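To be precise, the following lines are data31.txt, and they hold compact mmCIF, C-alpha atoms.
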```txt
# COMPACT_ATOMS: atom_id res chain seq x y z
CA MET A 1 127.72 -123.46 124.82
CA LYS A 2 128.16 -127.18 124.22
CA ALA A 3 130.93 -128.17 121.81
CA THR A 4 129.72 -130.42 119.04
CA ARG A 5 131.83 -133.54 118.68
CA PRO A 6 132.11 -135.17 115.27
CA SER A 7 130.76 -138.65 115.17
CA ALA A 8 133.14 -141.61 114.95
CA SER A 9 131.94 -142.40 111.44
CA LYS A 10 132.75 -138.88 110.21
CA VAL A 11 136.27 -139.06 111.71
CA THR A 12 136.83 -142.39 109.98
CA VAL A 13 135.78 -140.94 106.63
CA VAL A 14 138.09 -137.93 107.01
CA ILE A 15 141.07 -140.15 107.90
CA ALA A 16 140.37 -142.38 104.91
CA VAL A 17 140.24 -139.42 102.53
CA VAL A 18 143.55 -138.05 103.89
CA CYS A 19 145.24 -141.44 103.51
CA ILE A 20 144.03 -141.82 99.92
CA THR A 21 145.24 -138.29 99.08
CA ILE A 22 148.70 -138.93 100.57
CA ALA A 23 148.98 -142.28 98.82
CA GLY A 24 148.01 -140.70 95.51
CA THR A 25 150.58 -137.95 95.98
CA PHE A 26 153.39 -140.46 96.61
CA TRP A 27 152.26 -142.61 93.69
CA ASN A 28 152.33 -139.61 91.35
CA ALA A 29 155.71 -138.45 92.64
CA SER A 30 157.28 -141.88 92.22
CA ASN A 31 155.96 -142.12 88.69
CA ALA A 32 157.09 -138.59 87.85
CA PHE A 33 160.61 -139.34 89.05
CA GLY A 34 160.82 -142.64 87.26
CA SER A 35 163.19 -142.84 84.32
CA ASP A 36 160.36 -144.16 82.11
CA ALA A 37 158.05 -141.22 82.83
CA ALA A 38 156.64 -139.49 79.78
CA PRO A 39 158.05 -136.00 79.27
CA PRO A 40 155.78 -133.01 79.90
CA ALA A 41 153.76 -132.19 76.78
CA ASN A 42 155.45 -128.83 76.27
CA LEU A 43 159.05 -129.85 77.11
CA SER A 44 161.22 -127.65 74.89
CA PRO A 45 163.69 -129.14 72.37
CA ALA A 46 166.50 -127.40 74.27
CA LEU A 47 165.62 -129.29 77.47
CA GLN A 48 165.30 -132.53 75.51
CA GLU A 49 168.90 -132.06 74.38
CA VAL A 50 170.01 -131.63 78.01
CA VAL A 51 168.24 -134.89 78.93
CA LYS A 52 170.09 -136.66 76.07
CA LEU A 53 173.45 -135.44 77.41
CA ALA A 54 172.60 -136.59 80.95
CA GLN A 55 171.45 -140.02 79.72
CA ALA A 56 174.73 -140.34 77.80
CA HIS A 57 176.46 -140.00 81.22
CA LEU A 58 178.42 -136.90 80.22
CA GLY A 59 179.95 -134.98 83.11
CA ASP A 60 178.30 -131.92 84.62
CA ASP A 61 181.10 -129.67 83.32
CA VAL A 62 180.35 -130.70 79.72
CA ILE A 63 176.57 -130.29 80.14
CA VAL A 64 176.96 -126.90 81.86
CA ALA A 65 179.30 -125.72 79.08
CA TYR A 66 176.73 -126.81 76.49
CA ILE A 67 173.94 -124.91 78.28
CA ARG A 68 175.98 -121.73 78.66
CA ASN A 69 177.14 -121.71 75.05
CA SER A 70 174.03 -123.01 73.27
CA GLY A 71 172.28 -119.63 73.06
CA ALA A 72 168.97 -121.35 73.89
CA SER A 73 166.43 -119.94 76.34
CA TYR A 74 165.43 -122.25 79.19
CA THR A 75 162.16 -121.74 81.06
CA LEU A 76 161.41 -124.52 83.53
CA SER A 77 158.03 -125.37 85.02
CA ALA A 78 157.66 -127.48 88.15
CA ASP A 79 156.79 -130.48 85.93
CA ASP A 80 159.95 -129.88 83.89
CA ILE A 81 162.13 -129.86 87.02
CA VAL A 82 160.58 -133.09 88.36
CA TYR A 83 160.97 -134.76 84.96
CA LEU A 84 164.62 -133.66 84.56
CA LYS A 85 165.47 -134.96 88.03
CA GLY A 86 163.87 -138.30 87.17
CA GLN A 87 165.97 -138.56 84.00
CA GLY A 88 169.24 -138.26 85.93
CA VAL A 89 169.91 -134.55 85.38
CA SER A 90 171.88 -133.38 88.43
CA GLN A 91 170.76 -130.66 90.81
CA ASN A 92 173.82 -128.64 89.76
CA VAL A 93 172.74 -128.68 86.09
CA ILE A 94 169.12 -127.85 86.99
CA SER A 95 170.37 -124.84 89.01
CA VAL A 96 172.31 -123.61 85.97
CA LEU A 97 169.19 -124.02 83.78
CA LEU A 98 167.14 -121.97 86.25
CA GLN A 99 169.79 -119.23 86.31
CA LYS A 100 169.94 -119.16 82.52
CA GLY A 101 166.15 -118.90 82.35
CA SER A 102 165.96 -116.01 84.82
CA ALA A 103 168.80 -114.20 83.04
CA SER A 104 167.02 -114.58 79.69
CA ALA A 105 163.73 -113.36 81.13
CA SER A 106 165.29 -110.22 82.63
CA ALA A 107 167.33 -109.35 79.56
CA ALA A 108 165.96 -106.57 77.36
CA PRO A 109 164.66 -107.81 74.01
CA ALA A 110 167.51 -106.13 72.15
CA SER A 111 168.90 -107.50 68.95
CA MET A 112 170.93 -110.54 69.86
CA ALA A 113 173.98 -111.70 68.01
CA PRO A 114 173.90 -115.40 67.20
CA ALA A 115 175.57 -117.39 69.94
CA PRO A 116 178.81 -119.17 69.11
CA PRO A 117 178.52 -122.91 68.58
CA PRO A 118 178.90 -124.97 71.74
CA PRO A 119 182.45 -126.06 72.52
CA PRO A 120 183.32 -129.53 71.32
CA PRO A 121 182.69 -131.97 74.16
CA GLN A 122 186.00 -133.07 75.61
CA PRO A 123 186.54 -136.76 76.28
CA GLU A 124 185.64 -138.03 79.70
CA ALA A 125 188.55 -139.38 81.69
CA PRO A 126 188.72 -143.01 80.56
CA ALA A 127 187.16 -145.81 82.59
CA PRO A 128 189.58 -148.23 84.28
CA PRO A 129 189.75 -150.90 81.54
CA ALA A 130 189.79 -148.30 78.75
CA VAL A 131 192.51 -146.36 77.03
CA SER A 132 195.98 -145.65 78.23
CA THR A 133 195.74 -142.41 80.16
CA PRO A 134 194.72 -142.85 83.79
CA ALA A 135 192.80 -140.68 86.13
CA PRO A 136 194.15 -140.76 88.71
CA PRO A 137 197.59 -141.59 87.27
CA PRO A 138 199.01 -144.77 88.83
CA SER A 139 202.33 -144.94 90.62
CA SER A 140 204.13 -145.44 87.28
CA ALA A 141 203.08 -141.95 86.18
CA GLU A 142 203.58 -139.77 89.21
CA PRO A 143 205.06 -136.29 89.03
CA PRO A 144 208.58 -135.94 90.38
CA GLU A 145 208.62 -134.56 93.89
CA VAL A 146 209.48 -130.92 94.30
CA GLY A 147 213.22 -130.42 94.01
CA SER A 148 215.34 -127.51 95.06
CA SER A 149 216.48 -127.05 91.44
CA ALA A 150 213.03 -125.96 90.25
CA THR A 151 212.90 -122.22 89.63
CA PRO A 152 209.93 -120.12 88.59
CA THR A 153 209.64 -118.96 85.02
CA ALA A 154 209.67 -115.20 84.53
CA PRO A 155 206.21 -113.73 84.94
CA ALA A 156 204.29 -112.18 82.09
CA ALA A 157 200.56 -111.29 82.01
CA ALA A 158 196.77 -112.85 81.52
CA PRO A 159 193.02 -112.52 79.46
CA ALA A 160 190.63 -109.64 79.14
CA PRO A 161 186.89 -109.45 79.46
CA GLU A 162 186.25 -112.91 78.13
CA PRO A 163 183.88 -113.78 75.32
CA ALA A 164 181.98 -117.01 75.76
CA VAL A 165 184.76 -119.51 76.30
CA SER A 166 185.24 -122.23 73.71
CA PHE A 167 188.03 -124.43 72.45
CA ASP A 168 188.74 -121.91 69.66
CA TYR A 169 189.01 -119.12 72.22
CA PHE A 170 191.44 -121.12 74.37
CA GLN A 171 193.51 -122.02 71.32
CA GLN A 172 193.69 -118.42 70.17
CA GLN A 173 194.67 -117.08 73.58
CA LEU A 174 197.16 -119.77 74.61
CA SER A 175 198.95 -120.61 71.35
CA PRO A 176 201.55 -117.81 71.71
CA TYR A 177 202.54 -119.22 75.09
CA GLY A 178 202.69 -122.96 74.49
CA THR A 179 202.09 -125.90 72.22
CA TRP A 180 199.00 -128.06 71.66
CA VAL A 181 199.49 -131.81 71.79
CA ASN A 182 197.10 -134.71 71.29
CA VAL A 183 197.29 -136.86 74.43
CA PRO A 184 195.72 -140.35 74.31
CA GLY A 185 192.60 -140.46 76.46
CA TYR A 186 192.43 -136.67 76.86
CA GLY A 187 192.46 -135.28 73.33
CA GLU A 188 193.92 -131.86 72.53
CA CYS A 189 195.92 -130.55 75.51
CA TRP A 190 198.20 -127.58 76.02
CA GLN A 191 201.70 -127.26 77.51
CA PRO A 192 203.41 -123.95 78.26
CA TYR A 193 206.72 -123.09 76.58
CA GLY A 194 209.99 -122.98 78.46
CA ILE A 195 209.09 -124.95 81.56
CA PRO A 196 211.86 -127.01 83.18
CA TYR A 197 211.52 -130.66 84.08
CA GLY A 198 209.89 -130.83 87.50
CA TRP A 199 207.65 -127.80 86.88
CA ARG A 200 204.16 -128.13 88.29
CA PRO A 201 200.91 -126.12 88.25
CA TYR A 202 199.69 -124.20 91.30
CA TYR A 203 203.25 -123.97 92.61
CA ASP A 204 205.59 -122.00 90.37
CA ASN A 205 205.18 -118.27 89.89
CA GLY A 206 201.95 -117.73 91.81
CA TYR A 207 200.38 -117.57 95.26
CA TRP A 208 197.08 -117.93 97.16
CA VAL A 209 194.71 -115.04 97.79
CA TYR A 210 191.81 -115.21 100.25
CA THR A 211 188.76 -113.78 98.44
CA ASP A 212 185.02 -113.56 98.97
CA ALA A 213 184.71 -116.48 96.51
CA GLY A 214 187.19 -118.76 98.28
CA LEU A 215 190.91 -119.34 97.86
CA TYR A 216 192.07 -117.95 94.51
CA TRP A 217 195.30 -118.85 92.70
CA GLN A 218 196.89 -115.59 91.56
CA SER A 219 199.31 -116.51 88.77
CA GLY A 220 202.27 -114.44 87.65
CA TYR A 221 202.30 -116.04 84.19
CA ALA A 222 200.92 -114.02 81.29
CA TRP A 223 198.66 -116.94 80.37
CA GLY A 224 197.61 -117.75 83.95
CA ALA A 225 194.06 -116.40 83.75
CA ILE A 226 192.92 -119.42 81.69
CA PRO A 227 194.64 -122.71 82.68
CA PHE A 228 194.43 -122.13 86.45
CA HIS A 229 190.71 -121.24 86.35
CA TYR A 230 189.30 -123.44 83.57
CA GLY A 231 189.95 -127.08 82.71
CA ARG A 232 192.23 -129.40 84.65
CA TRP A 233 195.93 -130.20 84.81
CA ALA A 234 196.90 -133.85 84.38
CA TYR A 235 200.26 -135.53 84.81
CA VAL A 236 200.82 -138.03 81.99
CA GLY A 237 203.86 -140.30 81.66
CA GLY A 238 206.02 -139.26 78.71
CA TYR A 239 204.40 -135.79 78.60
CA GLY A 240 204.65 -134.33 82.08
CA TRP A 241 201.96 -131.86 83.13
CA VAL A 242 199.40 -130.99 80.43
CA TRP A 243 196.35 -128.75 80.61
CA VAL A 244 193.05 -130.35 79.49
CA PRO A 245 190.46 -127.77 78.33
CA ALA A 246 187.06 -127.54 80.05
CA TYR A 247 184.63 -124.65 80.20
CA GLU A 248 183.52 -124.10 83.79
CA TYR A 249 185.22 -121.29 85.73
CA GLY A 250 186.62 -121.66 89.26
CA PRO A 251 188.94 -119.58 91.49
CA ALA A 252 191.27 -122.63 91.46
CA TRP A 253 190.75 -126.28 90.56
CA VAL A 254 192.59 -127.98 93.43
CA PHE A 255 191.78 -130.00 96.51
CA TRP A 256 193.43 -129.75 99.91
CA ARG A 257 194.89 -131.80 102.74
CA HIS A 258 195.92 -130.63 106.20
CA SER A 259 197.93 -132.07 109.05
CA GLY A 260 198.72 -130.24 112.26
CA ASP A 261 200.90 -127.29 111.27
CA TYR A 262 200.91 -128.11 107.53
CA VAL A 263 198.57 -127.61 104.59
CA GLY A 264 198.85 -129.15 101.11
CA TRP A 265 197.14 -128.86 97.72
CA ALA A 266 197.07 -130.77 94.41
CA PRO A 267 195.33 -130.20 91.05
CA LEU A 268 191.93 -131.87 90.73
CA PRO A 269 191.88 -134.62 88.08
CA TYR A 270 190.13 -134.16 84.76
CA GLY A 271 186.40 -134.90 84.93
CA ALA A 272 186.04 -134.32 88.69
CA VAL A 273 183.08 -132.07 89.57
CA PHE A 274 181.69 -131.05 92.95
CA VAL A 275 177.95 -131.83 93.03
CA ASP A 276 175.47 -131.98 95.91
CA GLY A 277 178.14 -132.01 98.61
CA GLY A 278 180.35 -134.70 97.06
CA TRP A 279 182.48 -135.50 94.03
CA GLY A 280 181.25 -136.79 90.69
CA TRP A 281 184.03 -138.53 88.77
CA ARG A 282 184.11 -141.03 85.92
CA GLY A 283 180.39 -141.77 86.25
CA HIS A 284 180.45 -142.39 90.02
CA ARG A 285 179.65 -140.40 93.16
CA TYR A 286 182.16 -140.06 95.99
CA ALA A 287 182.20 -138.40 99.40
CA ALA A 288 183.74 -134.95 99.83
CA ASP A 289 186.87 -136.50 101.40
CA PHE A 290 187.66 -138.72 98.38
CA ASP A 291 191.39 -138.53 97.50
CA PHE A 292 191.28 -139.71 93.83
CA GLY A 293 194.14 -142.09 94.60
CA PHE A 294 196.74 -139.31 94.55
CA GLY A 295 199.97 -139.95 96.43
CA ALA A 296 202.33 -137.54 98.18
CA SER A 297 204.17 -136.51 95.01
CA PHE A 298 201.04 -134.81 93.64
CA PHE A 299 200.86 -132.42 96.61
CA ILE A 300 202.61 -129.25 97.64
CA PHE A 301 202.86 -129.03 101.44
CA VAL A 302 203.95 -125.93 103.34
CA GLY A 303 203.63 -124.84 106.94
CA TYR A 304 200.53 -122.77 107.61
CA GLY A 305 202.81 -119.87 108.46
CA HIS A 306 203.98 -119.81 104.82
CA LEU A 307 200.59 -120.18 103.09
CA TRP A 308 200.54 -116.50 102.09
CA GLU A 309 204.10 -116.44 100.70
CA HIS A 310 204.55 -115.35 97.09
CA ASP A 311 207.29 -117.94 96.42
CA TYR A 312 206.86 -121.44 97.88
CA HIS A 313 210.18 -122.90 96.75
CA HIS A 314 211.95 -122.26 100.05
CA TYR A 315 209.11 -123.58 102.21
CA THR A 316 207.91 -126.75 100.44
CA LEU A 317 208.28 -130.10 102.22
CA ARG A 318 210.40 -132.64 100.37
CA GLY A 319 211.55 -136.24 100.60
CA GLU A 320 210.89 -138.16 103.80
CA GLU A 321 209.39 -135.14 105.56
CA LEU A 322 206.80 -134.77 102.78
CA HIS A 323 205.82 -138.46 102.97
CA ASN A 324 205.61 -138.42 106.77
CA VAL A 325 203.26 -135.42 106.80
CA PHE A 326 201.20 -136.81 103.90
CA ARG A 327 200.63 -140.11 105.73
CA VAL A 328 198.99 -138.40 108.70
CA SER A 329 197.16 -135.71 106.73
CA ALA A 330 193.42 -135.64 105.98
CA ILE A 331 191.35 -134.25 103.12
CA ASN A 332 190.01 -130.76 103.76
CA ARG A 333 186.26 -130.77 103.00
CA PHE A 334 185.49 -127.04 102.97
CA HIS A 335 183.86 -127.04 99.52
CA ARG A 336 180.51 -125.72 98.42
CA ASP A 337 178.50 -125.28 95.25
CA ASP A 338 177.35 -121.68 94.87
CA HIS A 339 174.63 -121.70 92.14
CA GLY A 340 176.67 -124.04 89.97
CA ARG A 341 180.06 -122.47 90.79
CA TYR A 342 182.62 -124.54 92.72
CA ILE A 343 184.03 -122.68 95.72
CA HIS A 344 186.70 -123.88 98.12
CA GLU A 345 186.65 -121.74 101.22
CA GLY A 346 189.48 -123.46 103.08
CA LEU A 347 189.39 -122.90 106.80
CA ASP A 348 187.41 -119.98 108.12
CA ARG A 349 189.12 -116.63 108.36
CA GLU A 350 189.61 -116.64 112.14
CA HIS A 351 191.09 -120.14 112.04
CA LEU A 352 193.49 -119.20 109.25
CA GLU A 353 194.60 -116.09 111.11
CA ARG A 354 195.42 -118.20 114.14
CA LEU A 355 197.27 -120.89 112.13
CA THR A 356 199.19 -118.54 109.83
CA GLY A 357 199.95 -115.94 112.48
CA ARG A 358 198.84 -113.13 110.15
CA PRO A 359 195.69 -111.08 109.71
CA VAL A 360 193.71 -112.26 106.68
CA THR A 361 192.38 -109.59 104.34
CA VAL A 362 189.42 -110.67 102.21
CA ALA A 363 190.00 -109.51 98.63
CA ARG A 364 187.15 -108.92 96.18
CA HIS A 365 187.17 -111.88 93.80
CA GLU A 366 186.13 -109.89 90.74
CA GLU A 367 188.93 -107.37 91.23
CA VAL A 368 191.57 -110.10 91.53
CA ARG A 369 190.21 -111.89 88.48
CA ASP A 370 190.03 -108.67 86.44
CA ARG A 371 193.73 -108.01 87.10
CA GLU A 372 194.68 -111.38 85.66
CA ARG A 373 192.47 -110.97 82.60
CA GLU A 374 193.79 -107.47 81.93
CA ALA A 375 197.35 -108.75 82.24
CA LEU A 376 196.68 -111.39 79.58
CA ARG A 377 195.00 -108.89 77.27
CA THR A 378 197.96 -106.51 77.54
CA ASP A 379 200.55 -109.22 76.99
CA ARG A 380 198.62 -110.75 74.07
CA GLU A 381 198.74 -107.38 72.31
CA ARG A 382 202.48 -107.22 72.88
CA VAL A 383 203.02 -110.75 71.58
CA THR A 384 200.78 -110.16 68.57
CA HIS A 385 202.62 -107.02 67.52
CA GLY A 386 206.04 -107.73 68.95
CA GLU A 387 208.53 -110.46 69.62
CA PRO A 388 207.55 -114.07 68.80
CA ARG A 389 207.68 -116.70 71.47
CA GLY A 390 210.51 -119.20 71.42
CA GLU A 391 210.23 -122.89 70.70
CA PRO A 392 209.07 -125.14 73.53
CA ARG A 393 211.82 -126.46 75.74
CA ARG A 394 211.60 -129.50 77.96
CA GLU A 395 214.44 -130.59 80.19
CA GLU A 396 214.59 -134.35 79.88
CA PRO A 397 214.51 -136.46 83.06
CA THR A 398 217.39 -138.68 84.01
CA GLY A 399 217.81 -141.91 85.97
CA ARG A 400 214.77 -143.10 87.94
CA ASP A 401 212.56 -140.28 86.65
CA ARG A 402 213.39 -141.12 83.03
CA ASP A 403 212.60 -144.81 83.57
CA ARG A 404 209.30 -143.92 85.25
CA ASP A 405 208.29 -141.63 82.39
CA ARG A 406 209.08 -144.33 79.82
CA GLN A 407 206.72 -146.76 81.54
CA GLY A 408 203.84 -144.44 80.62
CA PRO A 409 200.46 -144.53 82.28
```
So, in terms of structure tokens, how does the structure I just supplied come out?
Amino acid sequence: MKATRPSASKVTVVIAVVCITIAGTFWNASNAFGSDAAPPANLSPALQEVVKLAQAHLGDDVIVAYIRNSGASYTLSADDIVYLKGQGVSQNVISVLLQKGSASASAAPASMAPAPPPPPPQPEAPAPPAVSTPAPPPSSAEPPEVGSSATPTAPAAAPAPEPAVSFDYFQQQLSPYGTWVNVPGYGECWQPYGIPYGWRPYYDNGYWVYTDAGLYWQSGYAWGAIPFHYGRWAYVGGYGWVWVPAYEYGPAWVFWRHSGDYVGWAPLPYGAVFVDGGWGWRGHRYAADFDFGFGASFFIFVGYGHLWEHDYHHYTLRGEELHNVFRVSAINRFHRDDHGRYIHEGLDREHLERLTGRPVTVARHEEVRDREREALRTDRERVTHGEPRGEPRREEPTGRDRDRDRQGP
């Protein structure tokens, strides 16, 4: 049988139609993604509020907290997703909206208690020319390096099955263990009672656990289930380390450096969020190896062989050795965003076993987290019905440290 060949004119027509179709598709997509695009006709008021927050350049952590605490139901169509993306709503926030929508759809239509009001938005870390508190803190407001005199505070316990987190919840849970202070540029912050000068977060009275959700900071403090997994720690001249509330959960809010036989970690600054493979901070996007301007004194460095210790005081690098290792170290980029949840995996298990010289057991994240929350619940009951906490104590710095603190941020 003879194959019938299409005529040249028919081929030309087909090609023209395809080209017009493709051009139209790109034209529509570019208009849909444009910031001036009209919203879909049935865009819900709840999604309109999310767009307002994104256009106000609020951080992802604030927007996600609003979504999770608003009590609204979010159902996104393809047009909604395209429109949100065009209005500057991040992929991380859109993922949270999709999760919230699927959770609402699968929930039984039982009687629902009214959701608590959204937590008050916390102030963004100030822009460079703005207020007094820096992020990152400049050299005039650096934490003192780890000293041999620092000793861990006696352990206590941590929260229970949490209600929806909010500022009121944090205040209720943490007030027996510390004091709330208003810090310029950060707002209401919390400091634990009884910590000596030179104390630092993610160092005293705790240790790292390798879990199926990444490296988890297991605290021995009664209150540890909240400030090491929500919010950020900031070092502020004249105050020392303060905890700034935020509402997104993480196994630990730190970032890492490594150098040969050594590994180091430091608290992430307030407002830093991991989005689309990089960092969002103070309205800008940075690569995953961004260091936030933090110097050696912000980091705890130990040999890999001591990473699984339960007390780091005897193994922490200090003085010239710390600075030498820091200078040749590099940022560890093993981060990922798991459906809106920040996870730091560190090195892979086999690599860690080789570097630390120990077998690595993978703990179940939920079990580790439940232990901390149960410890807080138990201790809160004891504090509520038993002995009151003492007044806050702060050992004042002397000499060079005192002068540096007086300079402020």
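Here atom CA of A:Gly303 stands at a distance of 13.2 Å from atom CA of A:Glu353.
For the pair atom CA of A:His313 and atom CA of A:Gly214, the interatomic distance is 23.4 Å.
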query = Near A:Thr356, within 7 Å and counting all atoms listed in the file, which residues show up once chain neighbours fewer than 2 positions away are dropped, as a PyMOL selection string?
reply = chain A and resi 304-305+352-354+358
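In terms of minimum interatomic distance to A:Gly278, A:Asn92 ranks closest within A:Pro45, A:Trp208, A:Tyr66, A:Asn92, counting only C-alpha atoms.
Taking atom CA of A:Trp253 and atom CA of A:Trp265 as the two end points, the separation is 9.9 Å.
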remark   = Closest of A:Phe167, A:Trp180, A:Tyr221, A:Tyr203 to A:Arg373, counting only C-alpha atoms, is A:Tyr221
key: 12 Å contact set for A:Asn182, all atoms listed in the file, chain neighbours under 3 positions out, as a PyMOL selection string   = chain A and resi 123+133+179+185-191+236+239+242-245
key: Test item: which residues lie within 9 Å of (171.6, -123.8, 79.1) counting all atoms listed in the file, as a list in words   = Ala46, Leu47, Val50, Ile63, Val64, Ala65, Tyr66, Ile67, Arg68, Asn69, Ser70, Gly71, Ala72, Ser73, Tyr74, Val93, Val96, Leu97, Leu98, Gln99, Lys100 and Gly101 of chain A
key: Selection near A:Asp311, 8 Å with all atoms listed in the file, sequence-local residues under 2 positions removed, as a PyMOL selection string   = chain A and resi 204-207+309+313-314
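Shortest atom-to-atom contact with A:Ser219 among A:Leu76, A:Ala252, A:Val183, A:Leu58: A:Ala252, counting all atoms listed in the file.
With only C-alpha atoms as the atoms that count, the residue of A:Ala296, A:Leu355, A:Leu215, A:Ile94 with the shortest distance to A:Arg257 is A:Ala296.
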key: Of the listed residues A:Gly88, A:Val328, A:Arg200, A:Arg318, that which approaches A:Ala54 most closely, counting all atoms listed in the file   = A:Gly88
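If you measure from each of A:Thr211, A:Gln55, A:Thr316, A:Ser175 to A:Arg349 using all atoms listed in the file, the closest one turns out to be A:Thr211.
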message = Around the point (175.9, -142.1, 90.0) (coordinates from the file), which residues reach within 12 Å if we count all atoms listed in the file? Answer as a PyMOL selection string.
response = chain A and resi 54-55+57-60+88-90+275-276+278-287
Would you save the residues from that selection as an mmCIF file, in the frame of the given file, using C-alpha atoms?
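And here's part_3.cif as it stands now:
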```cif
data_model
loop_
_atom_site.group_PDB
_atom_site.id
_atom_site.type_symbol
_atom_site.label_atom_id
_atom_site.label_comp_id
_atom_site.auth_asym_id
_atom_site.auth_seq_id
_atom_site.Cartn_x
_atom_site.Cartn_y
_atom_site.Cartn_z
ATOM 1 C CA ALA A 54 172.600 -136.590 80.950
ATOM 2 C CA GLN A 55 171.450 -140.020 79.720
ATOM 3 C CA HIS A 57 176.460 -140.000 81.220
ATOM 4 C CA LEU A 58 178.420 -136.900 80.220
ATOM 5 C CA GLY A 59 179.950 -134.980 83.110
ATOM 6 C CA ASP A 60 178.300 -131.920 84.620
ATOM 7 C CA GLY A 88 169.240 -138.260 85.930
ATOM 8 C CA VAL A 89 169.910 -134.550 85.380
ATOM 9 C CA SER A 90 171.880 -133.380 88.430
ATOM 10 C CA VAL A 275 177.950 -131.830 93.030
ATOM 11 C CA ASP A 276 175.470 -131.980 95.910
ATOM 12 C CA GLY A 278 180.350 -134.700 97.060
ATOM 13 C CA TRP A 279 182.480 -135.500 94.030
ATOM 14 C CA GLY A 280 181.250 -136.790 90.690
ATOM 15 C CA TRP A 281 184.030 -138.530 88.770
ATOM 16 C CA ARG A 282 184.110 -141.030 85.920
ATOM 17 C CA GLY A 283 180.390 -141.770 86.250
ATOM 18 C CA HIS A 284 180.450 -142.390 90.020
ATOM 19 C CA ARG A 285 179.650 -140.400 93.160
ATOM 20 C CA TYR A 286 182.160 -140.060 95.990
ATOM 21 C CA ALA A 287 182.200 -138.400 99.400
#
```
